[in-house]
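S.K.: Supplied in structure tokens, the structure appears directly below.
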Amino acid sequence: MSTTTEQEKVRGWLTGRLPRDWFEGELELEIDRDEILIVGRIPAPEQKKDVSAAERSAAEGGRIKQFREDTRERRIEIARELEHAARRKVAWGVRCGETRTVFTSLSAPVMTRLRQPERQVLDTLVDAGVARSRSDALGWCVKLVAQHSETWLADLREAMTKVEEIRKAGPDATR
């Protein structure tokens with residue numbers, strides 16, 4: 001989980017380091033213990049208002065591909081600098097119109113111990129073809145929980161931020 005201070009430091013660093021013409025508006029930043037995901041908005045291609053959703057999506061996909069290719073070397077250079085400074089991997093993504101694409105994101109192993117009932121849930125998902133493996137099934141379950149408990153998780157993250165602020169103001173804050 002990222003702290004507010006970490007978010008601010010990374011956002012500030014990127015504001016000073018990224019080329020001005022890359023993104024419109026504020027960056028989306030997602031930071032956890034392993035990775036920093038940077039998602040910026042790029043201009044959508046100009047199209048007639050009456051184009052189909054498929055044509056609009058294809059045009060946005062093409063614009064994203066062009067941006068990815070045109071900025072590859074600079075993004076790698078900037079990512080390496082930030083990885084060294086933040087001690088985390090860096091991933092990039094863009095939002096263009098209604099399309100959001102993450103180019104490369106870290107897949108981190110997570111060790112867990114599951115009892116038989118939990119393993120049976122995963123095995124059911126594998127047997128039904130929903131997932132290729134227990135690992136995929138566990139990832140699917142985590143995504144499903146996150147999707148259906150967004151408000152609860154947002155409240156929890158907000159509470160964690162408050163705890164961090166209180167901790168910083170505590171008696172050990174001067175050390």
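Numbering starts fresh at 1 for the residues of each chain in the structure tokens, the chains themselves are lettered A, B, ... in the order given, and ligands are numbered from 1 as they appear.
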If you run DSSP on the backbone here, which positions in range 25-163 of chain A get alpha helix (DSSP H)? Please write them as a ChimeraX atom specification.

M.R.: /A:53-86,116-127,134-148,150-163

S.K.: Let me see the file: selected residues, C-alpha atoms, as a compact mmCIF listing (two decimals), in the first residue's frame.

M.R.:
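Output contents, as saved in result-v8.txt:
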```txt
# COMPACT_ATOMS: atom_id res chain seq x y z
CA ALA A 53 -17.76 1.96 -31.24
CA ALA A 54 -15.53 -0.58 -33.01
CA GLU A 55 -13.99 2.10 -35.25
CA ARG A 56 -13.46 4.46 -32.29
CA SER A 57 -11.87 1.68 -30.24
CA ALA A 58 -9.58 0.68 -33.12
CA ALA A 59 -8.48 4.29 -33.63
CA GLU A 60 -7.72 4.67 -29.92
CA GLY A 61 -5.80 1.38 -29.97
CA GLY A 62 -3.78 2.61 -32.93
CA ARG A 63 -2.97 5.90 -31.18
CA ILE A 64 -1.87 3.99 -28.07
CA LYS A 65 0.38 1.72 -30.16
CA GLN A 66 1.94 4.76 -31.84
CA PHE A 67 2.59 6.44 -28.48
CA ARG A 68 4.09 3.25 -27.08
CA GLU A 69 6.51 2.86 -29.99
CA ASP A 70 7.42 6.57 -30.21
CA THR A 71 8.24 6.87 -26.49
CA ARG A 72 9.73 3.44 -25.77
CA GLU A 73 13.38 4.45 -25.30
CA ARG A 74 12.63 7.51 -23.16
CA ARG A 75 10.11 5.60 -21.03
CA ILE A 76 12.69 2.88 -20.36
CA GLU A 77 15.29 5.49 -19.40
CA ILE A 78 12.89 7.32 -17.07
CA ALA A 79 11.65 4.04 -15.58
CA ARG A 80 15.21 2.91 -14.78
CA GLU A 81 15.90 6.20 -13.00
CA LEU A 82 12.69 5.98 -10.99
CA GLU A 83 13.24 2.28 -10.21
CA HIS A 84 16.65 3.15 -8.78
CA ALA A 85 15.27 6.05 -6.72
CA ALA A 86 12.10 4.30 -5.48
CA GLN A 116 -9.10 -27.57 1.56
CA PRO A 117 -12.32 -25.52 1.16
CA GLU A 118 -10.36 -22.62 -0.37
CA ARG A 119 -8.38 -24.97 -2.63
CA GLN A 120 -11.64 -26.54 -3.78
CA VAL A 121 -12.90 -23.11 -4.87
CA LEU A 122 -9.77 -22.62 -6.96
CA ASP A 123 -9.96 -26.14 -8.39
CA THR A 124 -13.61 -25.60 -9.37
CA LEU A 125 -12.61 -22.49 -11.33
CA VAL A 126 -9.83 -24.44 -13.04
CA ASP A 127 -12.07 -27.43 -13.81
CA ARG A 134 -4.77 -22.29 -9.25
CA SER A 135 -2.62 -19.19 -9.55
CA ASP A 136 -4.89 -17.75 -12.28
CA ALA A 137 -7.95 -18.71 -10.24
CA LEU A 138 -6.63 -16.91 -7.17
CA GLY A 139 -5.95 -13.80 -9.27
CA TRP A 140 -9.50 -14.02 -10.67
CA CYS A 141 -10.90 -14.24 -7.11
CA VAL A 142 -8.92 -11.21 -5.98
CA LYS A 143 -10.18 -9.17 -8.95
CA LEU A 144 -13.75 -10.23 -8.24
CA VAL A 145 -13.51 -9.27 -4.57
CA ALA A 146 -11.97 -5.90 -5.47
CA GLN A 147 -14.72 -5.24 -8.02
CA HIS A 148 -17.51 -6.00 -5.55
CA GLU A 150 -14.65 -1.05 -4.00
CA THR A 151 -16.35 1.19 -1.44
CA TRP A 152 -15.22 -0.91 1.49
CA LEU A 153 -11.61 -1.01 0.21
CA ALA A 154 -11.66 2.78 -0.42
CA ASP A 155 -12.86 3.34 3.16
CA LEU A 156 -10.12 1.04 4.45
CA ARG A 157 -7.43 2.88 2.45
CA GLU A 158 -8.71 6.22 3.76
CA ALA A 159 -8.54 4.92 7.33
CA MET A 160 -4.99 3.70 6.74
CA THR A 161 -4.02 7.18 5.53
CA LYS A 162 -5.48 8.69 8.72
CA VAL A 163 -3.50 6.21 10.85
```

S.K.: With a distance cut-off of 8 Å and only C-alpha atoms, select the neighbouring residues of Arg95 in chain A, excluding the residue or stretch itself and same-chain residues fewer than 6 positions from it, and output the selection as a list in words.

M.R.: Val39, Gly40, Arg41, Ile42, Ile64 and Thr101 of chain A

S.K.: Per DSSP on the backbone, what are the strand (DSSP E or B) residues of chain A, as a PyMOL selection string?

M.R.: chain A and resi 24-31+35-42+89-96+99-102

S.K.: Calculate how many Å separate CA of Glu46 in chain A from CA of Cys96 in chain A, rounding to one decimal.

M.R.: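 Between CA of Glu46 in chain A and CA of Cys96 in chain A the gap works out to 11.4 Å.
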
S.K.: Excluding Phe103 in chain A and its own-chain neighbours fewer than 4 positions away, which residues fall within 9 Å of it when counting only C-alpha atoms? Please give them as an NGL selection string.

M.R.: :A and (68 or 91-94)

S.K.: Pull all heavy atoms from the residues just selected and write them as a compact mmCIF listing (two decimals), in the first residue's frame.

M.R.:
```txt
# COMPACT_ATOMS: atom_id res chain seq x y z
N ARG A 68 3.21 4.23 -27.71
CA ARG A 68 4.09 3.25 -27.08
C ARG A 68 5.39 3.11 -27.85
O ARG A 68 6.48 3.09 -27.27
CB ARG A 68 3.37 1.90 -27.00
CG ARG A 68 4.18 0.85 -26.27
CD ARG A 68 3.43 -0.45 -26.14
NE ARG A 68 4.17 -1.36 -25.29
CZ ARG A 68 3.84 -2.60 -25.06
NH1 ARG A 68 2.75 -3.10 -25.61
NH2 ARG A 68 4.56 -3.37 -24.28
N ALA A 91 5.90 0.46 -14.20
CA ALA A 91 5.09 0.03 -15.34
C ALA A 91 4.41 1.27 -15.92
O ALA A 91 4.13 2.23 -15.21
CB ALA A 91 4.04 -1.00 -14.91
N TRP A 92 4.14 1.22 -17.22
CA TRP A 92 3.52 2.34 -17.93
C TRP A 92 2.19 1.92 -18.53
O TRP A 92 2.01 0.77 -18.92
CB TRP A 92 4.41 2.80 -19.07
CG TRP A 92 5.70 3.38 -18.66
CD1 TRP A 92 6.89 2.71 -18.53
CD2 TRP A 92 5.98 4.73 -18.33
NE1 TRP A 92 7.88 3.56 -18.14
CE2 TRP A 92 7.35 4.82 -18.01
CE3 TRP A 92 5.20 5.89 -18.26
CZ2 TRP A 92 7.96 6.02 -17.64
CZ3 TRP A 92 5.81 7.08 -17.89
CH2 TRP A 92 7.17 7.14 -17.59
N GLY A 93 1.32 2.89 -18.65
CA GLY A 93 0.06 2.69 -19.35
C GLY A 93 -0.45 4.02 -19.83
O GLY A 93 0.06 5.07 -19.44
N VAL A 94 -1.45 3.97 -20.71
CA VAL A 94 -2.07 5.20 -21.20
C VAL A 94 -3.57 5.04 -21.27
O VAL A 94 -4.09 3.93 -21.37
CB VAL A 94 -1.54 5.65 -22.58
CG1 VAL A 94 -0.08 6.05 -22.52
CG2 VAL A 94 -1.76 4.60 -23.63
```

S.K.: Counting only C-alpha atoms, what is within 9 Å of range 31-36 of chain A, bar same-chain residues fewer than 4 positions away, as a list in words?

M.R.: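 The residues satisfying every condition are Met1, Ser2, Thr3, Glu6, Gln7, Val10, Glu83, Ala86, Arg87, Arg88, Lys89, Val90, Ala91, Trp92, Ser105, Leu106 and Ala108 of chain A.
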
S.K.: For each of A:Leu29, A:Lys48, A:Glu24, A:Thr99, take the minimum atom-to-atom distance to Gly12 in chain A, counting only C-alpha atoms, then give the residue where this is smallest.

M.R.: A:Leu29

S.K.: CA of Glu98 in chain A to CA of Pro45 in chain A: how many Å, to one decimal?

M.R.: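 So the answer is 11.5 Å.
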